[in-house]
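Here the structure is laid out as structure tokens; the discussion comes afterwards.
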Amino acid sequence: MRRIYWVFCFLIVHSTVFGTGIDSVISHFKWQHTAQVLPEGIKMSVPAGFRYLQQQDSYTLLKELWHNDVHNGTVGMFLPEGVNPMSNQAWGVTVTYEPIQEDFYNRIFDYDHLIAERRAEQKGRMLVEWMVPPHYSMEDHALHYPWIYKKSATDKGIINYEVVLLTDAGQLCLNFFGDYDQLNDMMKSMPDLVNSMHIHSGLRKYTGAIGFVAPRNAVGISGIPDLLDAIYNSWLFAVVMICMVLFVYCMQYIRRPNTSRPRVMVDASLN
């Protein structure tokens, strides 16, 4: 049975000697700068400062030049403009699409299970950690899986920051990968690249029940707690409780007996 991965690791193999064969392969890449159409009719723009490789060229770069396993749902990848794919400054973002599998939503929010599974896969080769706690963003209906792979405890590590956009039909995954030194560039570019995915009205964003959310002590990239989400959730809870109290009070007021007249009327004329 084929195992299904929601997150996957790209380990970049940099070349220090550029042979004519590698240069020839790269020279034949068809870099895209115009809008693209992804599976399910999802439209994607290419932000300024980036170039895009379609499926065939991205497979060539990932598998033949970087010697990585390629997820079979990969449809293309972004790379920064002006950066040689074989240089030490290279980093990128793969774009992967998968239709929803059975009990998909029951598994993708089980963060403890996901990291235990990944550690078992990399046992004896790489240390797998969360760079920051994984979380679900209600704002963009996206899961954030900030993986980091290390050769040793003192190693800076290789970043694999996954942003998974959820819909009722499938998952569109952006995997930001590169050396730890490229982390700042990745994080600065993340909003533009995530917003470059335009999910049309016929493919609704996933709005179902969320099984797991970020811990309350979740820390953002800058090391500052995400207070905005906490405040928003606290105010929402307070508003709901106030509405419930007002509703109960109004119902009691409406049903309150009228004390301006006696409950029992006695007709004295009968005596």
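Here, A, B, ... name the chains of the structure tokens in the order displayed, residue numbers run from 1 inside each chain, and ligands are numbered from 1 in the same displayed order.
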Spatial neighbours of range 55-58 of chain A, 10 Å, only C-alpha atoms, chain gap at least 3 places, as an mmCIF file with N, CA and C atoms, in the first residue's frame:
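To be explicit, this is the file written out as part-v5.cif:
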data_model
loop_
_atom_site.group_PDB
_atom_site.id
_atom_site.type_symbol
_atom_site.label_atom_id
_atom_site.label_comp_id
_atom_site.auth_asym_id
_atom_site.auth_seq_id
_atom_site.Cartn_x
_atom_site.Cartn_y
_atom_site.Cartn_z
ATOM 1 N N VAL A 25 21.963 21.555 -19.294
ATOM 2 C CA VAL A 25 20.619 21.212 -18.829
ATOM 3 C C VAL A 25 19.897 22.456 -18.348
ATOM 4 N N ILE A 26 20.573 23.268 -17.528
ATOM 5 C CA ILE A 26 19.950 24.473 -16.978
ATOM 6 C C ILE A 26 19.601 25.465 -18.084
ATOM 7 N N HIS A 28 18.499 24.929 -20.895
ATOM 8 C CA HIS A 28 17.301 24.508 -21.621
ATOM 9 C C HIS A 28 16.021 24.625 -20.784
ATOM 10 N N PHE A 29 16.152 25.071 -19.537
ATOM 11 C CA PHE A 29 14.950 25.259 -18.717
ATOM 12 C C PHE A 29 14.087 26.379 -19.308
ATOM 13 N N LYS A 30 12.788 26.161 -19.294
ATOM 14 C CA LYS A 30 11.828 27.156 -19.784
ATOM 15 C C LYS A 30 11.244 27.898 -18.577
ATOM 16 N N TRP A 31 11.893 28.982 -18.201
ATOM 17 C CA TRP A 31 11.454 29.750 -17.032
ATOM 18 C C TRP A 31 10.170 30.498 -17.352
ATOM 19 N N TYR A 52 9.426 30.596 -12.433
ATOM 20 C CA TYR A 52 8.712 29.337 -12.165
ATOM 21 C C TYR A 52 9.100 28.288 -13.203
ATOM 22 N N LEU A 61 15.354 19.284 -12.385
ATOM 23 C CA LEU A 61 16.194 19.954 -11.396
ATOM 24 C C LEU A 61 16.218 19.186 -10.080
ATOM 25 N N LEU A 62 15.053 18.779 -9.600
ATOM 26 C CA LEU A 62 14.976 18.114 -8.297
ATOM 27 C C LEU A 62 15.629 16.734 -8.306
ATOM 28 N N LYS A 63 15.376 15.967 -9.339
ATOM 29 C CA LYS A 63 15.824 14.568 -9.344
ATOM 30 C C LYS A 63 17.202 14.393 -9.971
ATOM 31 N N GLU A 64 17.430 14.969 -11.149
ATOM 32 C CA GLU A 64 18.668 14.713 -11.874
ATOM 33 C C GLU A 64 19.829 15.592 -11.392
ATOM 34 N N VAL A 70 11.214 12.860 -5.696
ATOM 35 C CA VAL A 70 10.214 13.840 -6.100
ATOM 36 C C VAL A 70 8.819 13.304 -5.804
ATOM 37 N N GLY A 73 2.994 14.309 -6.820
ATOM 38 C CA GLY A 73 2.008 15.356 -7.009
ATOM 39 C C GLY A 73 2.618 16.709 -7.325
ATOM 40 N N THR A 74 3.952 16.764 -7.480
ATOM 41 C CA THR A 74 4.623 18.030 -7.751
ATOM 42 C C THR A 74 4.262 18.536 -9.144
ATOM 43 N N VAL A 75 3.782 19.775 -9.216
ATOM 44 C CA VAL A 75 3.382 20.357 -10.501
ATOM 45 C C VAL A 75 4.355 21.431 -10.975
ATOM 46 N N GLY A 76 5.263 21.865 -10.108
ATOM 47 C CA GLY A 76 6.232 22.874 -10.492
ATOM 48 C C GLY A 76 6.949 23.439 -9.285
ATOM 49 N N MET A 77 7.768 24.465 -9.504
ATOM 50 C CA MET A 77 8.496 25.057 -8.399
ATOM 51 C C MET A 77 8.929 26.480 -8.731
ATOM 52 N N PHE A 78 9.028 27.303 -7.661
ATOM 53 C CA PHE A 78 9.532 28.673 -7.754
ATOM 54 C C PHE A 78 11.005 28.698 -7.371
ATOM 55 N N THR A 94 8.558 24.322 -3.838
ATOM 56 C CA THR A 94 7.847 23.389 -4.699
ATOM 57 C C THR A 94 6.343 23.576 -4.539
ATOM 58 N N VAL A 95 5.606 23.314 -5.599
ATOM 59 C CA VAL A 95 4.146 23.398 -5.596
ATOM 60 C C VAL A 95 3.611 21.991 -5.864
ATOM 61 N N THR A 96 2.853 21.471 -4.914
ATOM 62 C CA THR A 96 2.339 20.106 -5.006
ATOM 63 C C THR A 96 0.841 20.095 -4.786
#
Would you give me, as a PyMOL selection string, the residues in range 44-149 of chain A that DSSP reads as alpha helix (DSSP H)? chain A and resi 55-59+104-107+111-121
Test item: residues at most 12 Å from range 175-183 of chain A, only C-alpha atoms, excluding those fewer than 6 positions along its chain, as a PyMOL selection string: chain A and resi 6-14+62+66+71+74+76-80+85+87-97+131+143-150+155-165+189-191+193-194+221-222
DSSP on the backbone: what in range 42-109 of chain A comes out strand (DSSP E or B), as a VMD selection string? chain A and resid 43 to 44 50 to 54 74 to 80 92 to 99
Can those selected residues be exported to a file as a compact mmCIF listing (two decimals), in the first residue's frame so that it contains N, CA and C atoms?
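Here's the written file part-v4.txt:
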# COMPACT_ATOMS: atom_id res chain seq x y z
N LYS A 43 -5.73 29.06 -10.28
CA LYS A 43 -4.84 29.97 -11.00
C LYS A 43 -3.71 30.44 -10.10
N MET A 44 -2.54 30.56 -10.67
CA MET A 44 -1.36 30.94 -9.91
C MET A 44 -0.60 32.02 -10.66
N PHE A 50 10.61 36.34 -8.71
CA PHE A 50 10.64 34.88 -8.82
C PHE A 50 10.45 34.44 -10.25
N ARG A 51 10.88 33.24 -10.53
CA ARG A 51 10.63 32.57 -11.79
C ARG A 51 10.12 31.17 -11.48
N TYR A 52 9.43 30.60 -12.43
CA TYR A 52 8.71 29.34 -12.17
C TYR A 52 9.10 28.29 -13.20
N LEU A 53 9.34 27.07 -12.72
CA LEU A 53 9.57 25.92 -13.59
C LEU A 53 8.34 25.03 -13.59
N GLN A 54 7.88 24.66 -14.77
CA GLN A 54 6.75 23.75 -14.85
C GLN A 54 7.21 22.33 -14.52
N THR A 74 3.95 16.76 -7.48
CA THR A 74 4.62 18.03 -7.75
C THR A 74 4.26 18.54 -9.14
N VAL A 75 3.78 19.78 -9.22
CA VAL A 75 3.38 20.36 -10.50
C VAL A 75 4.36 21.43 -10.97
N GLY A 76 5.26 21.86 -10.11
CA GLY A 76 6.23 22.87 -10.49
C GLY A 76 6.95 23.44 -9.28
N MET A 77 7.77 24.47 -9.50
CA MET A 77 8.50 25.06 -8.40
C MET A 77 8.93 26.48 -8.73
N PHE A 78 9.03 27.30 -7.66
CA PHE A 78 9.53 28.67 -7.75
C PHE A 78 11.01 28.70 -7.37
N LEU A 79 11.76 29.56 -8.02
CA LEU A 79 13.13 29.88 -7.60
C LEU A 79 13.33 31.38 -7.69
N PRO A 80 14.16 31.96 -6.83
CA PRO A 80 14.42 33.40 -6.89
C PRO A 80 15.11 33.77 -8.19
N GLY A 92 14.28 27.32 -2.86
CA GLY A 92 13.11 27.32 -3.73
C GLY A 92 11.84 26.93 -3.00
N VAL A 93 10.76 26.84 -3.79
CA VAL A 93 9.45 26.50 -3.26
C VAL A 93 8.78 25.54 -4.25
N THR A 94 8.56 24.32 -3.84
CA THR A 94 7.85 23.39 -4.70
C THR A 94 6.34 23.58 -4.54
N VAL A 95 5.61 23.31 -5.60
CA VAL A 95 4.15 23.40 -5.60
C VAL A 95 3.61 21.99 -5.86
N THR A 96 2.85 21.47 -4.91
CA THR A 96 2.34 20.11 -5.01
C THR A 96 0.84 20.09 -4.79
N TYR A 97 0.13 19.30 -5.55
CA TYR A 97 -1.32 19.17 -5.37
C TYR A 97 -1.68 17.70 -5.21
N GLU A 98 -2.57 17.44 -4.25
CA GLU A 98 -3.09 16.09 -4.04
C GLU A 98 -4.58 16.17 -3.74
N PRO A 99 -5.38 15.30 -4.34
CA PRO A 99 -6.80 15.23 -3.94
C PRO A 99 -6.91 14.67 -2.53
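Of the residues listed (A:Met86, A:Ala35, A:Leu114, A:Ala48), A:Met86 shows the shortest atom-to-atom separation from Asp23 in chain A; distances use only C-alpha atoms.
Rounded to one decimal, CA of Ser45 in chain A and CA of Ala169 in chain A lie 20.9 Å from each other.
Between CA of Gly21 in chain A and CA of Val83 in chain A lies a distance of 18.6 Å.
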